[in-house]
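K.L.:
upload06.cif is reproduced below (mmCIF, C-alpha atoms).
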data_start
loop_
_atom_site.label_atom_id
_atom_site.label_comp_id
_atom_site.auth_asym_id
_atom_site.auth_seq_id
_atom_site.Cartn_x
_atom_site.Cartn_y
_atom_site.Cartn_z
CA GLN A 1 -15.73 -4.47 -20.82
CA VAL A 2 -17.65 -3.64 -17.66
CA GLN A 3 -18.06 -6.67 -15.46
CA LEU A 4 -18.53 -7.96 -11.93
CA VAL A 5 -16.89 -11.17 -10.76
CA GLU A 6 -17.91 -12.91 -7.53
CA SER A 7 -15.73 -15.20 -5.48
CA GLY A 8 -15.66 -16.75 -2.03
CA GLY A 9 -18.58 -19.14 -2.19
CA GLY A 10 -18.37 -22.73 -1.04
CA LEU A 11 -19.64 -25.39 1.30
CA VAL A 12 -19.92 -24.56 5.00
CA GLN A 13 -21.62 -26.08 8.01
CA ALA A 14 -24.55 -24.38 9.65
CA GLY A 15 -23.32 -21.72 12.04
CA GLY A 16 -20.23 -21.10 9.98
CA SER A 17 -19.08 -18.06 8.02
CA LEU A 18 -18.14 -17.08 4.50
CA ASN A 19 -16.94 -13.84 2.98
CA LEU A 20 -17.97 -13.15 -0.59
CA SER A 21 -16.16 -10.69 -2.82
CA CYS A 22 -17.34 -8.90 -5.95
CA ALA A 23 -14.53 -7.46 -8.04
CA ALA A 24 -15.57 -4.81 -10.52
CA SER A 25 -13.68 -3.90 -13.67
CA GLY A 26 -14.07 -1.80 -16.78
CA LYS A 27 -15.17 1.32 -14.88
CA SER A 28 -15.14 2.72 -11.40
CA PHE A 29 -18.20 1.77 -9.40
CA SER A 30 -17.43 4.23 -6.61
CA ARG A 31 -20.44 6.38 -7.53
CA ASN A 32 -22.81 3.46 -8.03
CA THR A 33 -25.04 1.70 -5.57
CA MET A 34 -24.17 -1.99 -5.46
CA ASP A 35 -26.02 -4.94 -4.05
CA TRP A 36 -26.09 -8.66 -3.45
CA TYR A 37 -28.91 -10.89 -4.59
CA ARG A 38 -29.39 -14.61 -4.13
CA GLN A 39 -31.44 -17.28 -5.81
CA ALA A 40 -32.25 -20.61 -4.22
CA PRO A 41 -33.41 -23.58 -6.30
CA GLY A 42 -37.02 -23.16 -7.36
CA LYS A 43 -37.26 -19.65 -5.91
CA GLN A 44 -37.14 -16.15 -7.30
CA ARG A 45 -34.02 -14.06 -7.05
CA GLU A 46 -34.17 -11.90 -3.94
CA LEU A 47 -32.32 -8.83 -2.73
CA VAL A 48 -30.05 -9.61 0.22
CA ALA A 49 -28.17 -6.39 0.92
CA ILE A 50 -27.52 -3.03 -0.68
CA ILE A 51 -24.81 -0.42 -0.21
CA SER A 52 -24.88 3.11 -1.57
CA SER A 53 -21.93 4.99 -2.99
CA ARG A 54 -21.60 6.72 0.37
CA GLY A 55 -21.71 3.47 2.33
CA SER A 56 -25.30 3.47 3.57
CA THR A 57 -26.56 -0.07 3.90
CA ASN A 58 -29.82 -1.96 4.04
CA TYR A 59 -30.58 -5.64 4.49
CA ALA A 60 -33.32 -8.18 3.95
CA ASP A 61 -34.98 -9.05 7.24
CA SER A 62 -33.83 -12.66 6.88
CA VAL A 63 -30.13 -11.70 7.08
CA LYS A 64 -30.15 -8.69 9.41
CA GLY A 65 -27.66 -9.09 12.23
CA ARG A 66 -25.87 -11.94 10.44
CA PHE A 67 -24.64 -10.45 7.14
CA THR A 68 -22.56 -7.34 6.60
CA ILE A 69 -22.14 -5.62 3.25
CA SER A 70 -19.17 -3.37 2.65
CA ARG A 71 -17.14 -1.88 -0.16
CA ASP A 72 -13.61 -0.71 -0.85
CA ASN A 73 -13.81 1.88 -3.59
CA ALA A 74 -10.03 2.03 -3.92
CA LYS A 75 -10.10 -1.65 -4.88
CA ASN A 76 -13.37 -1.36 -6.81
CA THR A 77 -14.62 -4.30 -4.76
CA MET A 78 -17.70 -5.10 -2.70
CA TYR A 79 -17.96 -7.71 0.03
CA LEU A 80 -20.56 -9.71 1.89
CA GLN A 81 -19.53 -11.12 5.24
CA MET A 82 -21.93 -13.89 6.15
CA ASN A 83 -21.99 -15.22 9.71
CA SER A 84 -24.21 -17.69 11.56
CA LEU A 85 -25.14 -19.29 8.27
CA LYS A 86 -28.30 -21.34 8.04
CA SER A 87 -29.39 -24.01 5.59
CA GLU A 88 -31.91 -21.56 4.18
CA ASP A 89 -29.03 -19.31 3.11
CA THR A 90 -28.08 -21.91 0.50
CA ALA A 91 -28.30 -20.22 -2.89
CA VAL A 92 -26.34 -18.78 -5.76
CA TYR A 93 -25.23 -15.28 -4.76
CA TYR A 94 -24.96 -12.55 -7.36
CA CYS A 95 -23.54 -9.07 -7.20
CA HIS A 96 -25.29 -6.37 -9.16
CA SER A 97 -25.13 -2.70 -9.98
CA ARG A 98 -27.38 -0.48 -12.06
CA ILE A 99 -24.98 1.84 -13.85
CA SER A 100 -27.58 3.71 -15.86
CA LEU A 101 -31.36 3.87 -16.23
CA ILE A 102 -31.24 1.05 -18.75
CA THR A 103 -28.08 -0.85 -17.85
CA ASP A 104 -27.81 -3.48 -15.15
CA ILE A 105 -24.55 -5.30 -14.58
CA TRP A 106 -24.68 -8.78 -13.02
CA GLY A 107 -21.93 -11.11 -11.97
CA GLN A 108 -21.93 -14.76 -12.93
CA GLY A 109 -22.83 -15.89 -9.41
CA THR A 110 -21.11 -17.92 -6.73
CA GLN A 111 -22.65 -20.95 -5.03
CA VAL A 112 -23.09 -20.96 -1.26
CA THR A 113 -24.14 -24.26 0.28
CA VAL A 114 -24.86 -24.56 3.99
CA SER A 115 -25.08 -28.06 5.38
CA SER A 116 -27.21 -28.72 8.44
#
Show me the file's structure as structure tokens.

P.N.:
Amino acid sequence: QVQLVESGGGLVQAGGSLNLSCAASGKSFSRNTMDWYRQAPGKQRELVAIISSRGSTNYADSVKGRFTISRDNAKNTMYLQMNSLKSEDTAVYYCHSRISLITDIWGQGTQVTVSS
């Protein structure tokens, strides 16, 4: 079964840091673009960061300079290092990968709560 499992969320004070992990299983994701989304209460899910199979990255303007996406293909794992966290970063964070034209794989999500 192909799946993505997030971990590393939690409660942190504003200005603090968290490092999220997304462990993939069931297939190698080394040739797939992977990304992080987040969804805050009452808001639509939004793209936070994306990393290509070759390691090229792109970020939402709201997290540029604070978040870093990375991947370790040998471990089939993606990461999101989040620094200088703000209350507006509070959300459920999901990892995602589109493995075919019609198949999207989503993780179950991990809650990040930033207290001000």

K.L.:
When you look at region 35-40 of chain A with a cut-off of 7 Å (counting all atoms listed in the file), what residues show up, excluding the ones that are within fewer than 6 positions of it in the same chain? I need them as a PyMOL selection string.

P.N.:
chain A and resi 46-51+90-97

K.L.:
Restricting it to C-alpha atoms, dump the selection as a PDB file, keeping the file's coordinate frame.

P.N.:
ATOM      1  CA  GLU A  46     -34.170 -11.900  -3.940  1.00  0.00           C
ATOM      2  CA  LEU A  47     -32.320  -8.830  -2.730  1.00  0.00           C
ATOM      3  CA  VAL A  48     -30.050  -9.610   0.220  1.00  0.00           C
ATOM      4  CA  ALA A  49     -28.170  -6.390   0.920  1.00  0.00           C
ATOM      5  CA  ILE A  50     -27.520  -3.030  -0.680  1.00  0.00           C
ATOM      6  CA  ILE A  51     -24.810  -0.420  -0.210  1.00  0.00           C
ATOM      7  CA  THR A  90     -28.080 -21.910   0.500  1.00  0.00           C
ATOM      8  CA  ALA A  91     -28.300 -20.220  -2.890  1.00  0.00           C
ATOM      9  CA  VAL A  92     -26.340 -18.780  -5.760  1.00  0.00           C
ATOM     10  CA  TYR A  93     -25.230 -15.280  -4.760  1.00  0.00           C
ATOM     11  CA  TYR A  94     -24.960 -12.550  -7.360  1.00  0.00           C
ATOM     12  CA  CYS A  95     -23.540  -9.070  -7.200  1.00  0.00           C
ATOM     13  CA  HIS A  96     -25.290  -6.370  -9.160  1.00  0.00           C
ATOM     14  CA  SER A  97     -25.130  -2.700  -9.980  1.00  0.00           C
TER      15      SER A  97
END

K.L.:
List the neighbours of Phe67 (chain A) out to 8 Å using only C-alpha atoms; skip same-chain residues closer than 5 positions along the sequence, and give me the result as a PyMOL selection string.

P.N.:
chain A and resi 80-83

K.L.:
Kindly save the residues from that selection, with C-alpha atoms included, as a short mmCIF file (atom, residue, chain, number, x, y, z; two decimals), keeping the file's coordinate frame.

P.N.:
data_model
loop_
_atom_site.label_atom_id
_atom_site.label_comp_id
_atom_site.auth_asym_id
_atom_site.auth_seq_id
_atom_site.Cartn_x
_atom_site.Cartn_y
_atom_site.Cartn_z
CA LEU A 80 -20.56 -9.71 1.89
CA GLN A 81 -19.53 -11.12 5.24
CA MET A 82 -21.93 -13.89 6.15
CA ASN A 83 -21.99 -15.22 9.71
#

K.L.:
Can you measure CA of Lys64 (chain A) to CA of Ala24 (chain A) for me? One decimal in Å is fine.

P.N.:
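These two atoms are separated by 25.0 Å.
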
K.L.:
Expressed in Å to a single decimal, how great is the separation between CA of Ser56 (chain A) and CA of Leu11 (chain A)?

P.N.:
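Separation of CA of Ser56 (chain A) and CA of Leu11 (chain A): 29.5 Å.
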
K.L.:
Quick one: distance from CA of Met78 (chain A) to CA of Ser25 (chain A) in Å, one decimal?

P.N.:
11.7 Å

K.L.:
For region 98-115 of chain A, find every residue with an atom within 8 Å (counting all atoms listed in the file), except residues of its own chain fewer than 3 positions away, and show them as a ChimeraX atom specification.

P.N.:
/A:2-14,22,32-34,85-95

K.L.:
Which one of A:Ala23, A:Arg31, A:Ser52, A:Gln1 sits closest to Ile69 (chain A) if you count all atoms listed in the file?

P.N.:
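Selected residue with least distance to Ile69 (chain A): A:Ser52.
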
K.L.:
With N, CA, C and O atoms as the goal, would you fill in the gaps in region 79-99 of chain A and present it as an mmCIF file, in the coordinates of the input?

P.N.:
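What follows is the written file rebuild.cif:
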data_model
loop_
_atom_site.group_PDB
_atom_site.id
_atom_site.type_symbol
_atom_site.label_atom_id
_atom_site.label_comp_id
_atom_site.auth_asym_id
_atom_site.auth_seq_id
_atom_site.Cartn_x
_atom_site.Cartn_y
_atom_site.Cartn_z
ATOM 1 N N TYR A 79 -18.058 -6.488 -0.752
ATOM 2 C CA TYR A 79 -17.960 -7.710 0.030
ATOM 3 C C TYR A 79 -19.297 -8.035 0.706
ATOM 4 O O TYR A 79 -20.135 -7.157 0.915
ATOM 5 N N LEU A 80 -19.439 -9.292 1.060
ATOM 6 C CA LEU A 80 -20.560 -9.710 1.890
ATOM 7 C C LEU A 80 -20.036 -10.707 2.912
ATOM 8 O O LEU A 80 -19.709 -11.846 2.564
ATOM 9 N N GLN A 81 -19.936 -10.248 4.148
ATOM 10 C CA GLN A 81 -19.530 -11.120 5.240
ATOM 11 C C GLN A 81 -20.779 -11.802 5.779
ATOM 12 O O GLN A 81 -21.714 -11.125 6.223
ATOM 13 N N MET A 82 -20.769 -13.121 5.735
ATOM 14 C CA MET A 82 -21.930 -13.890 6.150
ATOM 15 C C MET A 82 -21.575 -14.742 7.361
ATOM 16 O O MET A 82 -20.695 -15.602 7.273
ATOM 17 N N ASN A 83 -22.221 -14.484 8.478
ATOM 18 C CA ASN A 83 -21.990 -15.220 9.710
ATOM 19 C C ASN A 83 -23.250 -15.973 10.119
ATOM 20 O O ASN A 83 -24.343 -15.687 9.637
ATOM 21 N N SER A 84 -23.078 -16.915 11.035
ATOM 22 C CA SER A 84 -24.210 -17.690 11.560
ATOM 23 C C SER A 84 -25.072 -18.234 10.430
ATOM 24 O O SER A 84 -26.298 -18.101 10.436
ATOM 25 N N LEU A 85 -24.427 -18.828 9.465
ATOM 26 C CA LEU A 85 -25.140 -19.290 8.270
ATOM 27 C C LEU A 85 -26.120 -20.397 8.605
ATOM 28 O O LEU A 85 -25.880 -21.240 9.485
ATOM 29 N N LYS A 86 -27.230 -20.374 7.870
ATOM 30 C CA LYS A 86 -28.300 -21.340 8.040
ATOM 31 C C LYS A 86 -28.510 -22.103 6.734
ATOM 32 O O LYS A 86 -28.137 -21.611 5.663
ATOM 33 N N SER A 87 -29.152 -23.234 6.808
ATOM 34 C CA SER A 87 -29.390 -24.010 5.590
ATOM 35 C C SER A 87 -30.210 -23.217 4.581
ATOM 36 O O SER A 87 -30.014 -23.348 3.369
ATOM 37 N N GLU A 88 -31.087 -22.363 5.088
ATOM 38 C CA GLU A 88 -31.910 -21.560 4.180
ATOM 39 C C GLU A 88 -31.140 -20.446 3.473
ATOM 40 O O GLU A 88 -31.690 -19.760 2.616
ATOM 41 N N ASP A 89 -29.873 -20.262 3.821
ATOM 42 C CA ASP A 89 -29.030 -19.310 3.110
ATOM 43 C C ASP A 89 -28.418 -19.937 1.854
ATOM 44 O O ASP A 89 -27.762 -19.244 1.065
ATOM 45 N N THR A 90 -28.611 -21.238 1.683
ATOM 46 C CA THR A 90 -28.080 -21.910 0.500
ATOM 47 C C THR A 90 -28.699 -21.322 -0.767
ATOM 48 O O THR A 90 -29.920 -21.252 -0.905
ATOM 49 N N ALA A 91 -27.837 -20.872 -1.672
ATOM 50 C CA ALA A 91 -28.300 -20.220 -2.890
ATOM 51 C C ALA A 91 -27.085 -19.852 -3.748
ATOM 52 O O ALA A 91 -25.941 -19.956 -3.291
ATOM 53 N N VAL A 92 -27.363 -19.423 -4.956
ATOM 54 C CA VAL A 92 -26.340 -18.780 -5.760
ATOM 55 C C VAL A 92 -26.422 -17.276 -5.456
ATOM 56 O O VAL A 92 -27.505 -16.690 -5.516
ATOM 57 N N TYR A 93 -25.300 -16.698 -5.125
ATOM 58 C CA TYR A 93 -25.230 -15.280 -4.760
ATOM 59 C C TYR A 93 -24.658 -14.482 -5.920
ATOM 60 O O TYR A 93 -23.611 -14.846 -6.480
ATOM 61 N N TYR A 94 -25.358 -13.395 -6.241
ATOM 62 C CA TYR A 94 -24.960 -12.550 -7.360
ATOM 63 C C TYR A 94 -24.709 -11.128 -6.890
ATOM 64 O O TYR A 94 -25.465 -10.593 -6.077
ATOM 65 N N CYS A 95 -23.684 -10.501 -7.427
ATOM 66 C CA CYS A 95 -23.540 -9.070 -7.200
ATOM 67 C C CYS A 95 -24.108 -8.339 -8.407
ATOM 68 O O CYS A 95 -24.155 -8.868 -9.524
ATOM 69 N N HIS A 96 -24.543 -7.132 -8.155
ATOM 70 C CA HIS A 96 -25.290 -6.370 -9.160
ATOM 71 C C HIS A 96 -25.070 -4.880 -8.955
ATOM 72 O O HIS A 96 -24.871 -4.405 -7.830
ATOM 73 N N SER A 97 -25.126 -4.153 -10.058
ATOM 74 C CA SER A 97 -25.130 -2.700 -9.980
ATOM 75 C C SER A 97 -25.880 -2.149 -11.193
ATOM 76 O O SER A 97 -25.696 -2.643 -12.309
ATOM 77 N N ARG A 98 -26.709 -1.179 -10.950
ATOM 78 C CA ARG A 98 -27.380 -0.480 -12.060
ATOM 79 C C ARG A 98 -26.548 0.754 -12.372
ATOM 80 O O ARG A 98 -26.482 1.694 -11.577
ATOM 81 N N ILE A 99 -25.900 0.748 -13.533
ATOM 82 C CA ILE A 99 -24.980 1.840 -13.850
ATOM 83 C C ILE A 99 -25.605 2.922 -14.696
ATOM 84 O O ILE A 99 -24.996 3.966 -14.931
#
